[in-house]
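Next comes structure.csv, with CSV, C-alpha atoms.
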chain,number,residue,atom,x,y,z
E,16,MET,CA,18.9,-10.8,-7.4
E,17,PRO,CA,18.4,-7.0,-7.7
E,18,ALA,CA,16.7,-5.3,-4.7
E,19,TRP,CA,13.1,-4.4,-5.0
E,20,HIS,CA,13.2,-0.8,-6.3
E,21,ALA,CA,10.7,2.0,-5.6
E,22,SER,CA,10.8,5.3,-7.4
E,23,ILE,CA,8.6,8.1,-6.0
E,24,LEU,CA,7.6,11.1,-8.0
E,25,THR,CA,6.6,14.0,-5.8
E,26,LEU,CA,6.7,17.7,-5.2
E,27,TYR,CA,8.1,17.0,-1.7
E,28,PRO,CA,11.0,14.5,-2.0
E,29,ASP,CA,12.1,15.3,1.6
E,30,MET,CA,9.1,13.3,2.9
E,31,PHE,CA,10.8,10.1,1.9
E,32,PRO,CA,11.8,7.6,3.2
E,33,GLY,CA,10.2,9.2,6.3
E,34,PRO,CA,8.8,6.5,8.6
E,35,LEU,CA,9.9,3.9,6.0
E,36,GLY,CA,13.4,4.6,7.2
E,37,LEU,CA,12.6,3.2,10.7
E,38,SER,CA,11.8,-0.2,12.2
E,39,LEU,CA,11.6,-3.2,9.8
E,40,SER,CA,11.5,-1.2,6.6
E,41,GLY,CA,14.4,1.0,7.7
E,42,ARG,CA,16.6,-2.0,8.6
E,43,ALA,CA,15.7,-3.6,5.2
E,44,LEU,CA,16.6,-0.4,3.4
E,45,GLU,CA,20.0,-0.2,5.2
E,46,SER,CA,20.7,-3.9,4.4
E,47,GLY,CA,19.8,-3.4,0.7
E,48,LEU,CA,16.6,-5.6,0.6
E,49,TRP,CA,14.9,-2.7,-1.1
E,50,GLN,CA,15.9,0.6,-2.7
E,51,CYS,CA,14.2,4.0,-2.7
E,52,ASP,CA,14.8,7.1,-4.8
E,53,THR,CA,12.7,10.2,-5.3
E,54,VAL,CA,12.2,12.4,-8.3
E,55,ASN,CA,11.2,16.0,-7.7
E,56,ILE,CA,8.5,16.8,-10.2
E,57,ARG,CA,9.2,20.5,-10.0
E,58,GLY,CA,12.6,19.9,-11.4
E,59,PHE,CA,11.0,19.2,-14.8
E,60,ALA,CA,9.1,22.5,-15.1
E,61,ALA,CA,10.2,24.5,-18.2
E,62,ASP,CA,9.7,28.1,-17.0
E,63,ARG,CA,11.8,30.2,-14.7
E,64,HIS,CA,9.1,30.1,-12.0
E,65,ARG,CA,9.2,26.3,-12.1
E,66,THR,CA,5.4,26.1,-12.6
E,67,VAL,CA,4.0,22.6,-12.3
E,68,ASP,CA,0.2,23.4,-12.3
E,69,ASP,CA,-2.4,25.4,-14.2
E,70,THR,CA,-6.1,26.2,-14.0
E,71,PRO,CA,-8.5,23.5,-15.0
E,72,ALA,CA,-9.9,23.5,-18.5
E,73,GLY,CA,-13.6,24.3,-18.4
E,74,GLY,CA,-13.3,26.2,-15.2
E,75,GLY,CA,-13.6,25.2,-11.6
E,76,ALA,CA,-11.8,25.4,-8.3
E,77,GLY,CA,-8.2,24.4,-7.7
E,78,MET,CA,-5.3,23.7,-9.9
E,79,VAL,CA,-4.3,20.8,-12.1
E,80,LEU,CA,-0.8,19.2,-12.4
E,81,ARG,CA,0.4,19.7,-15.9
E,82,ALA,CA,0.7,16.8,-18.3
E,83,ASP,CA,4.0,18.0,-19.9
E,84,VAL,CA,5.8,18.5,-16.6
E,85,LEU,CA,4.7,15.2,-15.0
E,86,ALA,CA,5.3,13.2,-18.2
E,87,SER,CA,8.9,14.5,-18.3
E,88,ALA,CA,9.4,13.4,-14.7
E,89,ILE,CA,7.9,9.9,-15.4
E,90,ASP,CA,10.1,9.5,-18.5
E,91,ALA,CA,13.2,10.3,-16.5
E,92,ALA,CA,12.3,7.9,-13.6
E,93,ALA,CA,10.9,5.1,-15.7
E,94,PRO,CA,12.0,4.9,-19.4
E,95,ASP,CA,10.3,2.7,-21.9
E,96,ASN,CA,12.4,-0.4,-20.9
E,97,ASP,CA,11.4,-0.1,-17.2
E,98,THR,CA,8.9,-2.9,-16.5
E,99,ARG,CA,7.9,-1.7,-13.1
E,100,PRO,CA,4.1,-0.9,-12.7
E,101,ARG,CA,3.3,2.9,-12.6
E,102,LEU,CA,0.9,3.6,-9.8
E,103,MET,CA,-0.7,7.0,-9.2
E,104,MET,CA,-2.3,7.6,-5.8
E,105,SER,CA,-5.9,8.7,-6.4
E,106,PRO,CA,-9.1,8.6,-4.4
E,107,ARG,CA,-10.9,7.5,-7.6
E,108,GLY,CA,-8.5,4.6,-8.1
E,109,ARG,CA,-9.2,0.9,-7.5
E,110,PRO,CA,-8.9,0.0,-3.9
E,111,LEU,CA,-5.5,-1.5,-2.9
E,112,THR,CA,-5.8,-5.2,-1.9
E,113,GLN,CA,-3.5,-7.6,-0.3
E,114,ARG,CA,-3.6,-9.6,-3.5
E,115,ARG,CA,-2.4,-6.6,-5.5
E,116,VAL,CA,0.3,-6.0,-2.9
E,117,ARG,CA,1.6,-9.5,-3.3
E,118,GLU,CA,1.7,-9.1,-7.1
E,119,LEU,CA,3.7,-5.9,-6.7
E,120,VAL,CA,6.2,-7.6,-4.4
E,121,ALA,CA,6.7,-10.4,-6.8
E,122,GLY,CA,8.0,-7.9,-9.4
E,123,PRO,CA,11.1,-5.7,-9.7
E,124,GLY,CA,9.5,-2.8,-7.8
E,125,VAL,CA,7.1,0.1,-8.4
E,126,VAL,CA,6.9,3.7,-9.7
E,127,LEU,CA,4.7,5.8,-7.5
E,128,VAL,CA,3.2,9.1,-8.7
E,129,CYS,CA,2.1,11.4,-5.9
E,130,GLY,CA,-0.4,14.0,-7.2
E,131,ARG,CA,-1.2,17.3,-5.6
E,132,PHE,CA,-3.7,20.1,-6.1
E,133,GLU,CA,-7.1,19.3,-7.7
E,134,GLY,CA,-5.8,16.5,-9.8
E,135,VAL,CA,-3.6,15.4,-12.7
E,136,ASP,CA,-4.2,16.1,-16.4
E,137,GLN,CA,-5.9,13.0,-17.7
E,138,ARG,CA,-3.7,12.9,-20.8
E,139,VAL,CA,-0.6,11.9,-18.8
E,140,ILE,CA,-2.6,9.3,-16.9
E,141,ASP,CA,-3.6,7.7,-20.2
E,142,GLY,CA,-0.4,8.5,-22.1
E,143,ARG,CA,1.9,7.0,-19.5
E,144,GLY,CA,-0.3,4.1,-18.5
E,145,LEU,CA,-0.7,5.1,-14.9
E,146,GLU,CA,-2.7,2.7,-12.7
E,147,GLU,CA,-4.8,4.7,-10.3
E,148,VAL,CA,-4.8,3.2,-6.8
E,149,SER,CA,-6.8,4.2,-3.7
E,150,ILE,CA,-6.1,3.4,-0.1
E,151,GLY,CA,-9.6,4.3,1.1
E,152,ASP,CA,-12.7,6.3,0.5
E,153,TYR,CA,-11.4,9.7,1.7
E,154,VAL,CA,-9.3,12.5,0.3
E,155,LEU,CA,-5.8,13.4,1.4
E,156,SER,CA,-3.8,16.6,0.7
E,157,GLY,CA,-1.5,14.7,-1.7
E,158,GLY,CA,-0.4,11.3,-2.7
E,159,GLU,CA,2.7,11.0,-0.5
E,160,VAL,CA,1.0,9.5,2.6
E,161,ALA,CA,-0.9,7.0,0.4
E,162,ALA,CA,2.4,6.1,-1.3
E,163,MET,CA,4.0,5.4,2.0
E,164,ALA,CA,1.1,3.1,2.9
E,165,VAL,CA,1.5,1.2,-0.4
E,166,LEU,CA,5.3,0.9,0.2
E,167,ASP,CA,4.9,-0.3,3.7
E,168,ALA,CA,2.4,-3.0,2.7
E,169,CYS,CA,4.9,-4.2,0.0
E,170,ILE,CA,8.2,-3.9,1.9
E,171,ARG,CA,7.1,-6.0,4.8
E,172,LEU,CA,6.4,-8.9,2.4
E,173,ILE,CA,9.9,-8.8,0.8
E,174,PRO,CA,11.7,-12.0,1.7
E,175,GLY,CA,14.0,-11.4,4.6
E,176,VAL,CA,12.2,-8.3,6.0
E,177,MET,CA,10.0,-10.0,8.6
E,178,GLY,CA,11.9,-12.3,10.9
E,179,THR,CA,9.5,-15.1,10.4
E,180,GLN,CA,7.8,-15.4,7.0
E,181,ALA,CA,4.8,-17.1,8.7
E,182,SER,CA,4.1,-13.9,10.5
E,183,GLY,CA,2.3,-12.6,7.4
E,184,GLU,CA,0.3,-15.8,6.6
E,185,ASP,CA,-2.6,-15.5,9.1
E,186,GLU,CA,-3.1,-11.7,8.9
E,187,SER,CA,-6.2,-10.0,7.8
E,188,PHE,CA,-7.1,-10.4,4.1
E,189,GLU,CA,-4.5,-13.1,3.5
E,190,ASN,CA,-7.1,-15.9,3.6
E,191,GLY,CA,-10.2,-13.9,2.7
E,192,LEU,CA,-11.0,-13.2,6.4
E,193,LEU,CA,-10.1,-10.6,9.0
E,194,GLU,CA,-7.5,-11.7,11.6
E,195,TYR,CA,-8.6,-13.5,14.8
E,196,PRO,CA,-8.1,-11.8,18.2
E,197,HIS,CA,-4.7,-12.1,20.0
E,198,TYR,CA,-3.9,-12.5,23.7
E,199,THR,CA,-0.7,-12.7,25.8
E,200,ARG,CA,0.4,-12.4,29.4
E,201,PRO,CA,-0.8,-11.7,32.0
E,202,ALA,CA,-3.3,-14.6,32.0
E,203,LEU,CA,-5.8,-12.5,33.9
E,204,TRP,CA,-6.1,-8.8,33.3
E,205,GLU,CA,-8.8,-6.6,34.8
E,206,GLY,CA,-10.9,-9.6,35.5
E,207,THR,CA,-10.8,-11.0,32.0
E,208,ALA,CA,-8.9,-14.2,31.3
E,209,ILE,CA,-7.3,-15.5,28.2
E,210,PRO,CA,-9.7,-17.8,26.4
E,211,GLU,CA,-9.1,-21.3,27.9
E,212,VAL,CA,-8.7,-22.9,24.5
E,213,LEU,CA,-5.6,-20.9,23.8
E,214,THR,CA,-3.8,-22.3,26.8
E,215,SER,CA,-5.1,-25.9,26.4
E,216,GLY,CA,-2.2,-27.2,24.3
E,217,ASP,CA,-4.7,-28.6,21.8
E,218,HIS,CA,-3.4,-27.2,18.5
E,219,ALA,CA,-6.3,-28.4,16.5
E,220,ALA,CA,-8.8,-26.8,18.9
E,221,VAL,CA,-6.8,-23.5,18.7
E,222,ALA,CA,-6.9,-23.6,15.0
E,223,ARG,CA,-10.7,-24.1,15.0
E,224,TRP,CA,-11.2,-21.3,17.5
E,225,ARG,CA,-9.0,-18.9,15.5
E,226,HIS,CA,-10.9,-19.7,12.3
E,227,ASP,CA,-14.3,-19.3,14.0
E,228,GLN,CA,-13.2,-16.0,15.5
E,229,ALA,CA,-11.9,-14.7,12.2
E,230,LEU,CA,-15.2,-15.7,10.5
E,231,ARG,CA,-17.2,-14.0,13.2
E,232,LEU,CA,-15.3,-10.7,13.0
E,233,THR,CA,-15.5,-10.8,9.2
E,234,ARG,CA,-19.2,-11.3,9.3
E,235,GLU,CA,-19.6,-8.4,11.7
E,236,ARG,CA,-17.2,-5.9,10.2
E,237,ARG,CA,-16.5,-6.8,6.5
E,238,PRO,CA,-19.3,-9.1,5.2
E,239,ASP,CA,-18.3,-8.0,1.7
E,240,LEU,CA,-15.1,-10.2,2.0
E,241,LEU,CA,-17.1,-13.4,2.5
E,242,THR,CA,-17.8,-16.1,-0.1
E,243,ASP,CA,-21.3,-17.6,-0.2
E,244,ASP,CA,-20.0,-20.6,1.8
E,245,ASP,CA,-18.5,-18.4,4.5
E,246,ALA,CA,-21.6,-16.4,4.8
E,247,THR,CA,-23.8,-19.4,5.3
E,248,GLY,CA,-21.3,-21.3,7.5
E,249,ARG,CA,-20.8,-24.1,5.0
E,250,THR,CA,-17.4,-25.8,4.6
E,251,SER,CA,-16.0,-27.4,1.5
Taking this structure as input, can you express it in the form of C-alpha cells?
Amino acid sequence: MPAWHASILTLYPDMFPGPLGLSLSGRALESGLWQCDTVNIRGFAADRHRTVDDTPAGGGAGMVLRADVLASAIDAAAPDNDTRPRLMMSPRGRPLTQRRVRELVAGPGVVLVCGRFEGVDQRVIDGRGLEEVSIGDYVLSGGEVAAMAVLDACIRLIPGVMGTQASGEDESFENGLLEYPHYTRPALWEGTAIPEVLTSGDHAAVARWRHDQALRLTRERRPDLLTDDDATGRTS
C-alpha cells in the first residue's frame, strides 16, 4: 500500500518537515509510513523578480498572493488525476475536527496550501477547489504552522505510527467528549493522592469514573460538544 503522501505548497519550504521530523512522526517518516514533499510557490513566478503577490483590488492594506502563480504551483504538485484533498490554511475556514482528520488519514494523503500576506486571490481558491481549513479563531503570520498542526494530527493516526492503536481511542474528541484526567506514580504527591478508584482494580468502576470525569470536563469547558442526552445526564 502506498505511503500517506503530503505535499506542502509554501514560500518557506525549509520549514518542513521541521518538528515533524522528530519523535513519532519523524520515525514514521524515516520508515516510510508517510511521505512529505514541499513545493516552493515562488518558483512559479513568471517575472525576473520572482514576484508572487500584488496589491489588493479595490484598495486596502497588505498584499495578496497572485492566482496565476499559486495555480501553477498547485497544478505542478497535484495534477487533475491527483485525488488528494486540497486544503488551504485559513482563519476563515471550517474548524478542523477529529472526524475530518480521520477522513484525511483514510485517504491517500493531502495537499496543503500555506498562504501568506493579506490573503489569497479568491479565483484560485474557487478554480482549484481549495478547502479552507482553520485550526482556531486567531491569525498566524502564514499557513505553515497551521499545516504542521494538520499534519501532526493526521500522521499520528496512520497505522503503525503509534505503538498501541488504542492510545488514540480515548482521547479528547474521539467519543464526543474531552479526555478524562490522568494520574501515575507517585501515589501521593504534595499531599494529593491518586483517586482511590483508579487503584481499586475494579475495571468497571474505573471506566465509569473516567466517563463521568470526561463528561464533567466537557460540560465545564466545551459544552458545545455535548449532545442533548449528555447535557441532561441521560443515557441511552
For CA of Ala82 (chain E) and CA of Arg138 (chain E), the interatomic separation in Å (one decimal):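 CA of Arg138 (chain E) lies at a distance of 6.4 Å from CA of Ala82 (chain E).
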Atom pair CA of Val126 (chain E) / CA of Val139 (chain E): separation (Å):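 Distance reported for this atom pair: 14.4 Å.
Nearest residue to Ser105 (chain E), choosing from E:Glu146, E:Glu235, E:Asp217, E:Asp243 and counting only C-alpha atoms: E:Glu146.
The space separating CA of Asp69 (chain E) from CA of Phe132 (chain E) comes to 9.8 Å.
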Residue nearest Phe188 (chain E) among E:Arg117, E:His64, E:Arg99, E:Arg109 (counting all atoms listed in the file):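 Looking only at the distances to Phe188 (chain E), the closest residue turns out to be E:Arg117.
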Nearest residue to Ala164 (chain E) from the set E:Val84, E:Leu35, E:Ala91, E:Ile209 (distances using all atoms listed in the file):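 Smallest distance to Ala164 (chain E) is found for E:Leu35.
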Who sits within 9 Å of Ala86 (chain E), all atoms listed in the file, same chain under 3 positions skipped, as a list in words: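 Listed by chain and then number, they are Phe59, Arg81, Ala82, Asp83, Ile89, Asp90, Ala91, Val139, Ile140, Gly142 and Arg143 of chain E.
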Region 127-129 of chain E environment, 6 Å, all atoms listed in the file, sequence neighbours closer than 2 positions dropped, as a PyMOL selection string: chain E and resi 23-25+102-104+158-159
Shell of 7 Å around Pro28 (chain E), only C-alpha atoms, local chain residues under 2 positions omitted, as an NGL selection string: :E and (25-26 or 30-31 or 53-55)
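Within 9 Å of Gln50 (chain E), once all atoms listed in the file are used and residues closer than 6 positions along the same chain are dropped, the contacting residues are Ala18, Trp19, His20, Ala21, Ser22, Ala43, Leu44 and Gly124 of chain E.
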Residue selection dump (C-alpha atoms) as a PDB file, in the coordinates of the input:
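Result file follows (selection08.pdb):
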ATOM      1  CA  ALA E  18      16.700  -5.300  -4.700  1.00  0.00           C
ATOM      2  CA  TRP E  19      13.100  -4.400  -5.000  1.00  0.00           C
ATOM      3  CA  HIS E  20      13.200  -0.800  -6.300  1.00  0.00           C
ATOM      4  CA  ALA E  21      10.700   2.000  -5.600  1.00  0.00           C
ATOM      5  CA  SER E  22      10.800   5.300  -7.400  1.00  0.00           C
ATOM      6  CA  ALA E  43      15.700  -3.600   5.200  1.00  0.00           C
ATOM      7  CA  LEU E  44      16.600  -0.400   3.400  1.00  0.00           C
ATOM      8  CA  GLY E 124       9.500  -2.800  -7.800  1.00  0.00           C
TER       9      GLY E 124
END
Pick from E:Ser87, E:Gln137, E:Thr112, E:Gln228, whichever lies nearest to Val67 (chain E) using all atoms listed in the file: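 When distances to Val67 (chain E) are compared using all atoms listed in the file, the smallest one comes from E:Ser87.
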